[in-house]
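Trainee: Sharing query.pdb (PDB, C-alpha atoms (C1' of nucleotides)) below.
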```pdb
ATOM      1  CA  MET A   1      41.743 188.986  84.735
ATOM      2  CA  GLN A   2      38.192 187.807  84.212
ATOM      3  CA  ASN A   3      35.418 190.188  85.154
ATOM      4  CA  GLU A   4      37.393 192.521  87.283
ATOM      5  CA  SER A   5      34.429 194.708  88.050
ATOM      6  CA  GLN A   6      32.305 191.672  88.879
ATOM      7  CA  ILE A   7      34.900 190.627  91.422
ATOM      8  CA  LYS A   8      34.905 194.057  92.926
ATOM      9  CA  VAL A   9      31.137 193.958  93.320
ATOM     10  CA  LEU A  10      31.326 190.540  94.963
ATOM     11  CA  LEU A  11      33.903 191.797  97.428
ATOM     12  CA  ASN A  12      32.120 195.029  98.178
ATOM     13  CA  GLU A  13      28.886 193.181  98.844
ATOM     14  CA  GLN A  14      30.586 191.744 101.882
ATOM     15  CA  LYS A  15      32.275 194.996 102.823
ATOM     16  CA  PHE A  16      35.631 193.891 101.495
ATOM     17  CA  ARG A  17      37.727 196.427  99.638
ATOM     18  CA  LEU A  18      39.600 195.905  96.422
ATOM     19  CA  THR A  19      42.810 197.635  97.402
ATOM     20  CA  ASN A  20      45.781 198.176  95.177
ATOM     21  CA  GLU A  21      47.614 195.263  96.822
ATOM     22  CA  ARG A  22      44.671 192.935  96.362
ATOM     23  CA  HIS A  23      44.232 194.048  92.820
ATOM     24  CA  LEU A  24      47.806 193.149  91.922
ATOM     25  CA  LEU A  25      47.757 189.874  93.854
ATOM     26  CA  LEU A  26      44.448 188.873  92.334
ATOM     27  CA  LYS A  27      45.801 189.433  88.869
ATOM     28  CA  LEU A  28      48.772 187.153  89.492
ATOM     29  CA  PHE A  29      46.632 184.578  91.264
ATOM     30  CA  SER A  30      43.940 184.412  88.613
ATOM     31  CA  GLU A  31      46.472 184.144  85.830
ATOM     32  CA  SER A  32      48.215 181.191  87.411
ATOM     33  CA  SER A  33      46.928 177.863  86.157
ATOM     34  CA  ARG A  34      48.293 176.078  89.190
ATOM     35  CA  MET A  35      47.035 175.838  92.709
ATOM     36  CA  LEU A  36      49.337 177.678  95.090
ATOM     37  CA  THR A  37      50.126 177.677  98.774
ATOM     38  CA  PRO A  38      49.964 181.067 100.487
ATOM     39  CA  ALA A  39      53.764 181.072 100.591
ATOM     40  CA  GLN A  40      53.975 180.276  96.878
ATOM     41  CA  LEU A  41      51.573 183.060  95.990
ATOM     42  CA  HIS A  42      53.608 185.410  98.153
ATOM     43  CA  GLU A  43      56.778 184.342  96.401
ATOM     44  CA  LEU A  44      55.108 184.775  93.003
ATOM     45  CA  ALA A  45      54.173 188.321  93.978
ATOM     46  CA  LEU A  46      57.717 189.175  95.014
ATOM     47  CA  GLU A  47      59.075 187.748  91.765
ATOM     48  CA  HIS A  48      56.820 190.170  89.937
ATOM     49  CA  GLN A  49      57.988 193.126  92.040
ATOM     50  CA  VAL A  50      54.684 193.199  93.890
ATOM     51  CA  LYS A  51      55.974 193.977  97.359
ATOM     52  CA  ILE A  52      53.467 192.628  99.784
ATOM     53  CA  GLY A  53      53.437 190.978 103.192
ATOM     54  CA  LEU A  54      52.717 187.288 103.661
ATOM     55  CA  THR A  55      50.017 188.244 106.139
ATOM     56  CA  THR A  56      48.237 190.168 103.423
ATOM     57  CA  VAL A  57      48.301 187.105 101.207
ATOM     58  CA  TYR A  58      46.670 185.057 103.956
ATOM     59  CA  ARG A  59      44.056 187.718 104.445
ATOM     60  CA  LEU A  60      43.265 187.932 100.743
ATOM     61  CA  LEU A  61      42.895 184.161 100.481
ATOM     62  CA  GLU A  62      40.542 184.209 103.424
ATOM     63  CA  VAL A  63      38.411 186.858 101.755
ATOM     64  CA  LEU A  64      38.419 185.035  98.424
ATOM     65  CA  THR A  65      37.471 181.764 100.045
ATOM     66  CA  LYS A  66      34.558 183.428 101.815
ATOM     67  CA  THR A  67      33.332 184.936  98.573
ATOM     68  CA  GLU A  68      33.898 181.624  96.770
ATOM     69  CA  LEU A  69      36.414 183.185  94.426
ATOM     70  CA  ALA A  70      39.041 180.736  95.627
ATOM     71  CA  THR A  71      38.871 177.032  96.425
ATOM     72  CA  PRO A  72      41.189 175.336  98.876
ATOM     73  CA  PHE A  73      42.691 171.922  98.172
ATOM     74  CA  LEU A  74      44.339 169.588 100.610
ATOM     75  CA  ILE A  75      47.020 167.524  98.886
ATOM     76  CA  GLU A  76      49.271 165.327 100.975
ATOM     77  CA  GLY A  77      48.729 167.470 104.015
ATOM     78  CA  VAL A  78      49.441 170.752 102.270
ATOM     79  CA  ILE A  79      46.784 173.399 101.684
ATOM     80  CA  TYR A  80      46.696 175.010  98.246
ATOM     81  CA  TYR A  81      44.322 177.533  96.723
ATOM     82  CA  THR A  82      43.108 178.022  93.215
ATOM     83  CA  PHE A  83      41.336 181.034  91.780
ATOM     84  CA  CYS A  84      37.799 180.200  90.772
ATOM     85  CA  GLY A  85      36.147 182.966  88.822
ATOM     86  CA  CYS A  86      32.464 183.367  89.218
ATOM     87  CA  ASN A  87      30.759 180.214  87.970
ATOM     88  CA  HIS A  88      30.297 176.799  89.499
ATOM     89  CA  HIS A  89      32.492 174.159  87.941
ATOM     90  CA  HIS A  90      34.450 171.015  88.690
ATOM     91  CA  HIS A  91      38.179 170.526  88.876
ATOM     92  CA  LEU A  92      40.715 168.442  87.055
ATOM     93  CA  VAL A  93      43.903 168.423  89.091
ATOM     94  CA  CYS A  94      47.330 167.261  87.993
ATOM     95  CA  LEU A  95      49.022 165.717  90.990
ATOM     96  CA  SER A  96      52.469 166.277  89.536
ATOM     97  CA  CYS A  97      52.522 169.919  88.520
ATOM     98  CA  HIS A  98      49.410 171.048  90.424
ATOM     99  CA  GLN A  99      47.841 172.525  87.357
ATOM    100  CA  VAL A 100      44.089 172.908  87.746
ATOM    101  CA  LEU A 101      41.697 172.728  84.824
ATOM    102  CA  GLU A 102      38.018 173.603  85.081
ATOM    103  CA  THR A 103      35.267 171.504  83.549
ATOM    104  CA  HIS A 104      31.873 173.072  83.129
ATOM    105  CA  GLN A 105      29.856 169.954  82.580
ATOM    106  CA  SER A 106      26.594 169.274  84.272
ATOM    107  CA  CYS A 107      26.601 168.357  87.914
ATOM    108  CA  PRO A 108      26.175 164.732  88.942
ATOM    109  CA  THR A 109      22.802 163.753  90.313
ATOM    110  CA  VAL A 110      23.076 161.847  93.545
ATOM    111  CA  GLU A 111      20.188 160.447  95.487
ATOM    112  CA  VAL A 112      20.393 161.455  99.098
ATOM    113  CA  PRO A 113      18.191 160.621 102.078
ATOM    114  CA  GLU A 114      15.228 162.927 101.732
ATOM    115  CA  ASP A 115      15.831 164.458 105.128
ATOM    116  CA  PHE A 116      19.324 165.598 104.207
ATOM    117  CA  ARG A 117      19.480 169.090 102.724
ATOM    118  CA  VAL A 118      22.338 169.434 100.274
ATOM    119  CA  GLU A 119      23.760 172.946 100.134
ATOM    120  CA  HIS A 120      26.627 172.462  97.760
ATOM    121  CA  HIS A 121      28.933 169.834  96.364
ATOM    122  CA  ARG A 122      32.369 169.366  95.045
ATOM    123  CA  LEU A 123      33.622 167.054  92.344
ATOM    124  CA  ASP A 124      37.354 166.868  91.755
ATOM    125  CA  LEU A 125      39.225 164.541  89.416
ATOM    126  CA  TYR A 126      42.876 163.831  90.132
ATOM    127  CA  GLY A 127      45.490 162.462  87.823
ATOM    128  CA  LYS A 128      48.270 163.489  85.502
ATOM    129  CA  CYS A 129      48.157 166.108  82.799
ATOM    130  CA  SER A 130      49.557 165.454  79.377
ATOM    131  CA  ALA A 131      52.876 167.186  79.991
ATOM    132  CA  CYS A 132      53.526 165.323  83.241
ATOM    133  CA  GLN A 133      52.707 161.933  81.733
ATOM    134  CA  HIS A 134      55.314 162.462  79.103
ATOM    135  CA  SER A 135      58.035 164.043  81.156
ATOM    136  CA  ILE A 136      60.626 161.487  82.275
ATOM    137  CA  GLU A 137      60.453 162.114  85.977
ATOM    138  CA  GLY A 138      56.706 162.537  85.895
ATOM    139  CA  GLY A 139      56.412 166.223  86.430
ATOM    140  CA  GLU A 140      56.941 168.348  89.535
ATOM    141  CA  SER A 141      58.676 170.939  87.389
ATOM    142  CA  HIS A 142      57.313 173.894  85.320
TER
ATOM    143  CA  MET B   1      34.448 147.134 113.076
ATOM    144  CA  GLN B   2      34.018 146.192 109.460
ATOM    145  CA  ASN B   3      36.314 143.554 108.058
ATOM    146  CA  GLU B   4      38.950 143.654 110.678
ATOM    147  CA  SER B   5      41.048 141.023 109.019
ATOM    148  CA  GLN B   6      40.731 142.756 105.677
ATOM    149  CA  ILE B   7      42.118 145.894 107.251
ATOM    150  CA  LYS B   8      44.990 143.990 108.713
ATOM    151  CA  VAL B   9      45.854 142.574 105.328
ATOM    152  CA  LEU B  10      45.752 146.022 103.763
ATOM    153  CA  LEU B  11      48.089 147.361 106.408
ATOM    154  CA  ASN B  12      50.475 144.425 106.263
ATOM    155  CA  GLU B  13      50.685 144.717 102.495
ATOM    156  CA  GLN B  14      52.483 147.987 103.060
ATOM    157  CA  LYS B  15      54.518 146.702 105.982
ATOM    158  CA  PHE B  16      52.366 148.415 108.551
ATOM    159  CA  ARG B  17      51.527 146.542 111.726
ATOM    160  CA  LEU B  18      48.197 146.304 113.417
ATOM    161  CA  THR B  19      49.348 146.896 116.954
ATOM    162  CA  ASN B  20      47.202 146.791 120.020
ATOM    163  CA  GLU B  21      47.058 150.590 120.134
ATOM    164  CA  ARG B  22      46.051 150.825 116.499
ATOM    165  CA  HIS B  23      43.482 148.123 116.945
ATOM    166  CA  LEU B  24      41.746 150.015 119.734
ATOM    167  CA  LEU B  25      42.002 153.378 118.006
ATOM    168  CA  LEU B  26      40.722 151.940 114.752
ATOM    169  CA  LYS B  27      37.716 150.510 116.508
ATOM    170  CA  LEU B  28      36.777 153.863 118.005
ATOM    171  CA  PHE B  29      37.512 155.684 114.777
ATOM    172  CA  SER B  30      35.510 153.358 112.563
ATOM    173  CA  GLU B  31      32.553 153.415 114.903
ATOM    174  CA  SER B  32      32.355 157.183 114.913
ATOM    175  CA  SER B  33      29.952 158.521 112.323
ATOM    176  CA  ARG B  34      31.619 161.917 112.430
ATOM    177  CA  MET B  35      34.797 163.186 110.928
ATOM    178  CA  LEU B  36      37.359 163.947 113.589
ATOM    179  CA  THR B  37      40.475 166.027 113.969
ATOM    180  CA  PRO B  38      43.545 164.179 115.253
ATOM    181  CA  ALA B  39      43.062 165.932 118.591
ATOM    182  CA  GLN B  40      39.403 164.875 118.739
ATOM    183  CA  LEU B  41      40.257 161.263 118.000
ATOM    184  CA  HIS B  42      42.905 161.399 120.688
ATOM    185  CA  GLU B  43      40.400 162.822 123.134
ATOM    186  CA  LEU B  44      37.874 160.157 122.169
ATOM    187  CA  ALA B  45      40.456 157.485 122.920
ATOM    188  CA  LEU B  46      41.231 158.915 126.340
ATOM    189  CA  GLU B  47      37.518 159.092 127.152
ATOM    190  CA  HIS B  48      37.344 155.369 126.463
ATOM    191  CA  GLN B  49      40.351 154.626 128.669
ATOM    192  CA  VAL B  50      42.509 153.972 125.641
ATOM    193  CA  LYS B  51      45.725 155.575 126.818
ATOM    194  CA  ILE B  52      47.625 156.620 123.770
ATOM    195  CA  GLY B  53      49.871 159.475 122.671
ATOM    196  CA  LEU B  54      48.746 162.181 120.284
ATOM    197  CA  THR B  55      51.755 161.396 118.126
ATOM    198  CA  THR B  56      50.501 157.854 117.690
ATOM    199  CA  VAL B  57      47.158 159.190 116.529
ATOM    200  CA  TYR B  58      48.896 161.307 113.909
ATOM    201  CA  ARG B  59      50.914 158.323 112.800
ATOM    202  CA  LEU B  60      47.879 156.074 112.524
ATOM    203  CA  LEU B  61      46.003 158.666 110.479
ATOM    204  CA  GLU B  62      48.974 158.935 108.169
ATOM    205  CA  VAL B  63      49.021 155.182 107.689
ATOM    206  CA  LEU B  64      45.274 155.016 107.119
ATOM    207  CA  THR B  65      45.374 157.837 104.622
ATOM    208  CA  LYS B  66      48.115 156.084 102.680
ATOM    209  CA  THR B  67      46.132 152.855 102.599
ATOM    210  CA  GLU B  68      42.969 154.799 101.702
ATOM    211  CA  LEU B  69      41.235 153.651 104.853
ATOM    212  CA  ALA B  70      40.775 157.248 105.926
ATOM    213  CA  THR B  71      39.860 160.364 103.967
ATOM    214  CA  PRO B  72      40.887 163.857 105.006
ATOM    215  CA  PHE B  73      38.492 166.792 104.802
ATOM    216  CA  LEU B  74      39.338 170.464 104.961
ATOM    217  CA  ILE B  75      36.467 172.404 106.507
ATOM    218  CA  GLU B  76      36.952 176.072 107.271
ATOM    219  CA  GLY B  77      40.670 175.654 107.563
ATOM    220  CA  VAL B  78      40.516 172.637 109.856
ATOM    221  CA  ILE B  79      41.622 169.165 108.800
ATOM    222  CA  TYR B  80      39.344 166.264 109.745
ATOM    223  CA  TYR B  81      39.512 162.575 108.966
ATOM    224  CA  THR B  82      36.838 160.012 108.442
ATOM    225  CA  PHE B  83      37.195 156.250 108.409
ATOM    226  CA  CYS B  84      36.459 154.842 105.003
ATOM    227  CA  GLY B  85      36.237 151.075 104.999
ATOM    228  CA  CYS B  86      37.328 149.278 101.916
ATOM    229  CA  ASN B  87      35.089 150.333  99.033
ATOM    230  CA  HIS B  88      34.999 153.436  96.920
ATOM    231  CA  HIS B  89      32.091 155.696  97.740
ATOM    232  CA  HIS B  90      31.056 159.318  97.918
ATOM    233  CA  HIS B  91      30.407 161.441 100.960
ATOM    234  CA  LEU B  92      27.471 163.309 102.377
ATOM    235  CA  VAL B  93      28.752 165.706 104.996
ATOM    236  CA  CYS B  94      26.719 167.604 107.567
ATOM    237  CA  LEU B  95      28.398 170.957 108.079
ATOM    238  CA  SER B  96      26.821 171.379 111.487
ATOM    239  CA  CYS B  97      27.578 168.157 113.335
ATOM    240  CA  HIS B  98      30.243 166.810 110.961
ATOM    241  CA  GLN B  99      28.469 163.531 110.535
ATOM    242  CA  VAL B 100      29.573 161.755 107.373
ATOM    243  CA  LEU B 101      27.294 159.443 105.425
ATOM    244  CA  GLU B 102      28.480 157.268 102.583
ATOM    245  CA  THR B 103      26.612 156.897  99.302
ATOM    246  CA  HIS B 104      27.478 153.987  97.091
ATOM    247  CA  GLN B 105      25.906 155.190  93.897
ATOM    248  CA  SER B 106      27.621 155.056  90.562
ATOM    249  CA  CYS B 107      30.398 157.452  89.852
ATOM    250  CA  PRO B 108      29.735 160.494  87.683
ATOM    251  CA  THR B 109      31.026 160.357  84.148
ATOM    252  CA  VAL B 110      32.986 163.435  83.238
ATOM    253  CA  GLU B 111      34.531 164.113  79.891
ATOM    254  CA  VAL B 112      38.121 165.126  80.235
ATOM    255  CA  PRO B 113      40.720 166.162  77.665
ATOM    256  CA  GLU B 114      41.917 162.914  76.177
ATOM    257  CA  ASP B 115      45.497 163.608  77.140
ATOM    258  CA  PHE B 116      44.661 163.892  80.824
ATOM    259  CA  ARG B 117      44.893 160.602  82.710
ATOM    260  CA  VAL B 118      42.428 160.463  85.589
ATOM    261  CA  GLU B 119      43.669 158.371  88.510
ATOM    262  CA  HIS B 120      40.884 158.915  91.001
ATOM    263  CA  HIS B 121      38.122 161.312  91.868
ATOM    264  CA  ARG B 122      36.214 162.617  94.797
ATOM    265  CA  LEU B 123      32.602 163.666  95.042
ATOM    266  CA  ASP B 124      31.420 165.212  98.283
ATOM    267  CA  LEU B 125      28.017 166.722  99.041
ATOM    268  CA  TYR B 126      27.771 169.232 101.867
ATOM    269  CA  GLY B 127      24.707 170.345 103.725
ATOM    270  CA  LYS B 128      22.661 169.739 106.834
ATOM    271  CA  CYS B 129      21.522 166.415 108.175
ATOM    272  CA  SER B 130      17.999 165.903 109.392
ATOM    273  CA  ALA B 131      18.798 166.373 113.069
ATOM    274  CA  CYS B 132      20.693 169.591 112.506
ATOM    275  CA  GLN B 133      17.984 171.097 110.309
ATOM    276  CA  HIS B 134      15.489 170.623 113.075
ATOM    277  CA  SER B 135      17.569 171.592 116.046
ATOM    278  CA  ILE B 136      16.977 175.222 117.012
ATOM    279  CA  GLU B 137      20.532 176.441 116.828
ATOM    280  CA  GLY B 138      21.247 174.405 113.741
ATOM    281  CA  GLY B 139      23.443 171.732 115.177
ATOM    282  CA  GLU B 140      27.062 171.784 116.358
ATOM    283  CA  SER B 141      26.121 169.543 119.244
ATOM    284  CA  HIS B 142      25.837 165.741 119.519
TER
ATOM    285  C1'  DT C   1      35.818 210.756 107.580
ATOM    286  C1'  DT C   2      35.993 206.276 109.038
ATOM    287  C1'  DA C   3      35.767 201.458 108.485
ATOM    288  C1'  DT C   4      38.852 198.573 106.403
ATOM    289  C1'  DC C   5      43.460 197.190 105.134
ATOM    290  C1'  DT C   6      48.627 196.771 105.550
ATOM    291  C1'  DG C   7      53.181 195.319 107.430
ATOM    292  C1'  DC C   8      55.778 193.882 111.071
ATOM    293  C1'  DA C   9      56.913 191.244 114.987
ATOM    294  C1'  DA C  10      55.246 188.227 118.304
ATOM    295  C1'  DA C  11      52.212 184.546 119.681
ATOM    296  C1'  DA C  12      49.716 180.571 118.854
ATOM    297  C1'  DG C  13      48.608 176.094 116.969
ATOM    298  C1'  DG C  14      49.115 172.140 114.687
ATOM    299  C1'  DT C  15      52.329 168.631 112.999
ATOM    300  C1'  DT C  16      56.723 166.325 112.738
ATOM    301  C1'  DT C  17      61.097 164.510 114.437
ATOM    302  C1'  DG C  18      64.720 162.239 117.314
ATOM    303  C1'  DC C  19      65.497 158.888 120.419
ATOM    304  C1'  DA C  20      65.418 155.041 123.682
ATOM    305  C1'  DA C  21      62.425 151.458 125.035
ATOM    306  C1'  DC C  22      58.988 148.156 123.375
ATOM    307  C1'  DT C  23      56.462 144.712 120.445
ATOM    308  C1'  DG C  24      54.167 142.297 116.505
ATOM    309  C1'  DA C  25      55.140 139.088 112.765
TER
ATOM    310  C1'  DT D   1      65.027 138.321 115.890
ATOM    311  C1'  DC D   2      64.409 142.772 114.118
ATOM    312  C1'  DA D   3      61.752 145.977 111.432
ATOM    313  C1'  DG D   4      58.240 148.646 112.776
ATOM    314  C1'  DT D   5      55.857 151.204 116.704
ATOM    315  C1'  DT D   6      55.341 153.966 120.911
ATOM    316  C1'  DG D   7      55.606 158.112 124.039
ATOM    317  C1'  DC D   8      57.785 162.111 125.282
ATOM    318  C1'  DA D   9      59.879 166.443 124.581
ATOM    319  C1'  DA D  10      61.781 169.458 121.478
ATOM    320  C1'  DA D  11      61.802 171.388 117.029
ATOM    321  C1'  DC D  12      59.346 173.096 113.102
ATOM    322  C1'  DC D  13      56.216 175.550 110.232
ATOM    323  C1'  DT D  14      52.175 177.478 109.072
ATOM    324  C1'  DT D  15      48.725 180.581 110.385
ATOM    325  C1'  DT D  16      46.834 184.169 113.371
ATOM    326  C1'  DT D  17      46.905 188.305 116.212
ATOM    327  C1'  DG D  18      47.874 193.055 118.018
ATOM    328  C1'  DC D  19      48.920 197.386 116.847
ATOM    329  C1'  DA D  20      50.117 201.812 114.669
ATOM    330  C1'  DG D  21      50.079 203.911 110.341
ATOM    331  C1'  DA D  22      47.925 204.030 105.628
ATOM    332  C1'  DT D  23      43.992 204.025 102.386
ATOM    333  C1'  DA D  24      39.504 202.925  99.785
ATOM    334  C1'  DA D  25      34.823 204.363  99.607
TER
END
```
Mind turning the file's structure into structure tokens?
Mentor:
Amino acid sequence: MQNESQIKVLLNEQKFRLTNERHLLLKLFSESSRMLTPAQLHELALEHQVKIGLTTVYRLLEVLTKTELATPFLIEGVIYYTFCGCNHHHHLVCLSCHQVLETHQSCPTVEVPEDFRVEHHRLDLYGKCSACQHSIEGGESH
Amino acid sequence: MQNESQIKVLLNEQKFRLTNERHLLLKLFSESSRMLTPAQLHELALEHQVKIGLTTVYRLLEVLTKTELATPFLIEGVIYYTFCGCNHHHHLVCLSCHQVLETHQSCPTVEVPEDFRVEHHRLDLYGKCSACQHSIEGGESH
DNA sequence: TTATCTGCAAAAGGTTTGCAACTGA
DNA sequence: TCAGTTGCAAACCTTTTGCAGATAA
């Protein structure tokens, strides 16, 4: 997992603890290239013999979102989360398999009314990844 | 409301009907400069003596989202919708009062892996509008 | 040592569905 | 005329909460 100690510092700064459960969950979450619903992340944990309650998953995702280590996505009414490491970036999302790629290109410059104070922005590109374009049914699997 | 007949055409194209209820709701929705939750839109309707069921509001928002006449936002775990007219644009969102401004500037160019097919994108800027910067408590009202 | 975290079960909220009556095209 | 829409109530699911026991710092 990228910068484990950095993550711990980020959490501790806000009085969050990196418990054993969170450590294991975080590892699975950060190694997944797909965005996951809380239930899917929970299921992933169980598959890897990480016994953990669904409530704990919700609470971890809340903490990660607050520390900007996770980004929520709303796709067709369903909320997914993706792990986000420590640097600002943009997302490339495959709508079939829900894989999320990061692009670290420069941020777009947008003119805004001068009395509007921009605090942050989000740029997401949606489409189909290579694998899903070529699969007969157009993805959904893997 | 902008381009009422255009909207009707868009809806009819997908076999949706512009009923009296939808017509009234759409008018209120499109005239609101804020993003609204389904419950807030429902409440807004009732305030304007538009008697309508909450279920109908949900169903209209579903239809509008499918025809790209509405865009959903996920802010702190809550789902809001904003009316979106007929042209592609980007959003400027005030996190205090939930006002949404549109900017019609050119779309950012992002290099993506050549095997990824981009279908659409979304660029949203978040911050504080003029009124909310200057109000003592930082907004939430109006 | 103590503020924070965990798991469970229960509660709460938001969203969807089934159905009979209605209505736009 | 009839496919699509409406309102209501019930069903559904996701998310949150309370609490007693555990644990990181």
Trainee: Tell me, in Å to one decimal, how far CA of Leu123 in chain B is from CA of Asp124 in chain A.
Mentor: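 For CA of Leu123 in chain B relative to CA of Asp124 in chain A, the distance reads 6.6 Å.
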Trainee: Could I have chain A as a compact mmCIF listing (two decimals) with C-alpha atoms, in the frame of the given file after it is superimposed on chain B by least squares, pairing all C-alpha atoms in sequence order?
Mentor:
```txt
# COMPACT_ATOMS: atom_id res chain seq x y z
CA MET A 1 34.51 147.06 113.07
CA GLN A 2 34.07 146.12 109.44
CA ASN A 3 36.40 143.51 108.03
CA GLU A 4 39.02 143.62 110.68
CA SER A 5 41.14 140.98 109.03
CA GLN A 6 40.83 142.72 105.67
CA ILE A 7 42.19 145.88 107.25
CA LYS A 8 45.06 143.97 108.73
CA VAL A 9 45.94 142.54 105.34
CA LEU A 10 45.82 146.00 103.77
CA LEU A 11 48.15 147.35 106.41
CA ASN A 12 50.55 144.45 106.29
CA GLU A 13 50.80 144.71 102.53
CA GLN A 14 52.56 147.99 103.10
CA LYS A 15 54.59 146.72 106.02
CA PHE A 16 52.41 148.44 108.57
CA ARG A 17 51.59 146.59 111.76
CA LEU A 18 48.24 146.32 113.43
CA THR A 19 49.38 146.90 116.98
CA ASN A 20 47.21 146.78 120.04
CA GLU A 21 47.06 150.59 120.15
CA ARG A 22 46.06 150.83 116.51
CA HIS A 23 43.52 148.12 116.94
CA LEU A 24 41.77 149.99 119.74
CA LEU A 25 42.00 153.36 118.01
CA LEU A 26 40.72 151.93 114.76
CA LYS A 27 37.72 150.48 116.50
CA LEU A 28 36.78 153.85 117.99
CA PHE A 29 37.51 155.67 114.76
CA SER A 30 35.52 153.35 112.54
CA GLU A 31 32.56 153.39 114.87
CA SER A 32 32.35 157.16 114.89
CA SER A 33 29.95 158.52 112.31
CA ARG A 34 31.60 161.91 112.42
CA MET A 35 34.78 163.18 110.90
CA LEU A 36 37.35 163.93 113.59
CA THR A 37 40.47 166.01 113.97
CA PRO A 38 43.52 164.16 115.27
CA ALA A 39 43.03 165.92 118.61
CA GLN A 40 39.37 164.88 118.73
CA LEU A 41 40.22 161.26 118.00
CA HIS A 42 42.86 161.40 120.70
CA GLU A 43 40.35 162.82 123.14
CA LEU A 44 37.81 160.15 122.16
CA ALA A 45 40.41 157.49 122.92
CA LEU A 46 41.16 158.91 126.35
CA GLU A 47 37.45 159.09 127.15
CA HIS A 48 37.28 155.37 126.45
CA GLN A 49 40.28 154.64 128.68
CA VAL A 50 42.45 153.96 125.65
CA LYS A 51 45.65 155.58 126.86
CA ILE A 52 47.57 156.61 123.82
CA GLY A 53 49.83 159.45 122.73
CA LEU A 54 48.69 162.16 120.33
CA THR A 55 51.72 161.38 118.20
CA THR A 56 50.47 157.84 117.76
CA VAL A 57 47.13 159.16 116.57
CA TYR A 58 48.88 161.27 113.95
CA ARG A 59 50.91 158.31 112.85
CA LEU A 60 47.88 156.05 112.57
CA LEU A 61 46.01 158.63 110.50
CA GLU A 62 48.98 158.92 108.20
CA VAL A 63 49.04 155.16 107.71
CA LEU A 64 45.29 154.99 107.14
CA THR A 65 45.39 157.81 104.64
CA LYS A 66 48.14 156.07 102.71
CA THR A 67 46.16 152.85 102.61
CA GLU A 68 43.00 154.78 101.71
CA LEU A 69 41.25 153.63 104.85
CA ALA A 70 40.79 157.23 105.91
CA THR A 71 39.85 160.35 103.97
CA PRO A 72 40.89 163.83 105.01
CA PHE A 73 38.50 166.77 104.79
CA LEU A 74 39.34 170.43 104.94
CA ILE A 75 36.47 172.39 106.48
CA GLU A 76 36.97 176.05 107.26
CA GLY A 77 40.70 175.60 107.53
CA VAL A 78 40.53 172.61 109.84
CA ILE A 79 41.62 169.13 108.79
CA TYR A 80 39.33 166.25 109.75
CA TYR A 81 39.50 162.55 108.97
CA THR A 82 36.82 159.99 108.43
CA PHE A 83 37.19 156.23 108.40
CA CYS A 84 36.48 154.81 104.98
CA GLY A 85 36.26 151.05 104.98
CA CYS A 86 37.36 149.27 101.90
CA ASN A 87 35.11 150.32 99.03
CA HIS A 88 34.99 153.43 96.90
CA HIS A 89 32.09 155.69 97.72
CA HIS A 90 31.03 159.31 97.91
CA HIS A 91 30.39 161.45 100.95
CA LEU A 92 27.46 163.32 102.36
CA VAL A 93 28.75 165.72 104.99
CA CYS A 94 26.73 167.63 107.55
CA LEU A 95 28.41 170.97 108.06
CA SER A 96 26.85 171.41 111.48
CA CYS A 97 27.58 168.18 113.32
CA HIS A 98 30.25 166.82 110.95
CA GLN A 99 28.46 163.55 110.52
CA VAL A 100 29.56 161.76 107.36
CA LEU A 101 27.28 159.45 105.42
CA GLU A 102 28.47 157.25 102.57
CA THR A 103 26.60 156.90 99.30
CA HIS A 104 27.47 153.98 97.08
CA GLN A 105 25.89 155.19 93.89
CA SER A 106 27.58 155.04 90.56
CA CYS A 107 30.37 157.44 89.83
CA PRO A 108 29.71 160.49 87.67
CA THR A 109 30.99 160.37 84.13
CA VAL A 110 32.93 163.45 83.21
CA GLU A 111 34.46 164.13 79.85
CA VAL A 112 38.06 165.15 80.20
CA PRO A 113 40.64 166.19 77.62
CA GLU A 114 41.84 162.94 76.12
CA ASP A 115 45.42 163.64 77.08
CA PHE A 116 44.58 163.91 80.76
CA ARG A 117 44.82 160.63 82.66
CA VAL A 118 42.38 160.50 85.54
CA GLU A 119 43.62 158.41 88.45
CA HIS A 120 40.87 158.95 90.94
CA HIS A 121 38.10 161.33 91.86
CA ARG A 122 36.20 162.61 94.78
CA LEU A 123 32.59 163.67 95.03
CA ASP A 124 31.41 165.21 98.27
CA LEU A 125 28.01 166.72 99.03
CA TYR A 126 27.76 169.24 101.85
CA GLY A 127 24.70 170.37 103.70
CA LYS A 128 22.69 169.75 106.82
CA CYS A 129 21.51 166.44 108.18
CA SER A 130 17.99 165.96 109.39
CA ALA A 131 18.80 166.42 113.07
CA CYS A 132 20.72 169.66 112.50
CA GLN A 133 17.99 171.16 110.32
CA HIS A 134 15.51 170.70 113.08
CA SER A 135 17.61 171.68 116.04
CA ILE A 136 17.04 175.31 117.03
CA GLU A 137 20.60 176.49 116.86
CA GLY A 138 21.30 174.45 113.77
CA GLY A 139 23.48 171.76 115.19
CA GLU A 140 27.08 171.84 116.39
CA SER A 141 26.10 169.64 119.30
CA HIS A 142 25.82 165.81 119.66
```
Trainee: Under the PyMOL selection byres ((chain D) within 9 of (chain B)), which residues of this model are included? Write them out as a list in words.
Mentor: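 Residues picked by the PyMOL selection byres ((chain D) within 9 of (chain B)): DG4, DT5, DT6, DG7 and DC8 of chain D.
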Trainee: Set the distance at 10 Å and use all atoms listed in the file: which residues neighbour range 41-44 of chain A once local chain neighbours fewer than 6 positions away are removed? I'd like the list as a list in words.
Mentor: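 In the requested form, the answer reads Leu25, Leu26, Leu28, Phe29, Ser32, Met35, Val50, Lys51, Ile52, Gly53, Leu54, Thr55, Thr56, Val57, Tyr58, Leu61, Tyr80 and Tyr81 of chain A.
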Trainee: For the provided coordinates, the residues matched by the PyMOL selection byres ((chain C) within 8 of (chain A)) should be stated as a list in words.
Mentor: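 With the shown file as input, the PyMOL selection byres ((chain C) within 8 of (chain A)) matches DT4, DC5, DT6 and DG7 of chain C.
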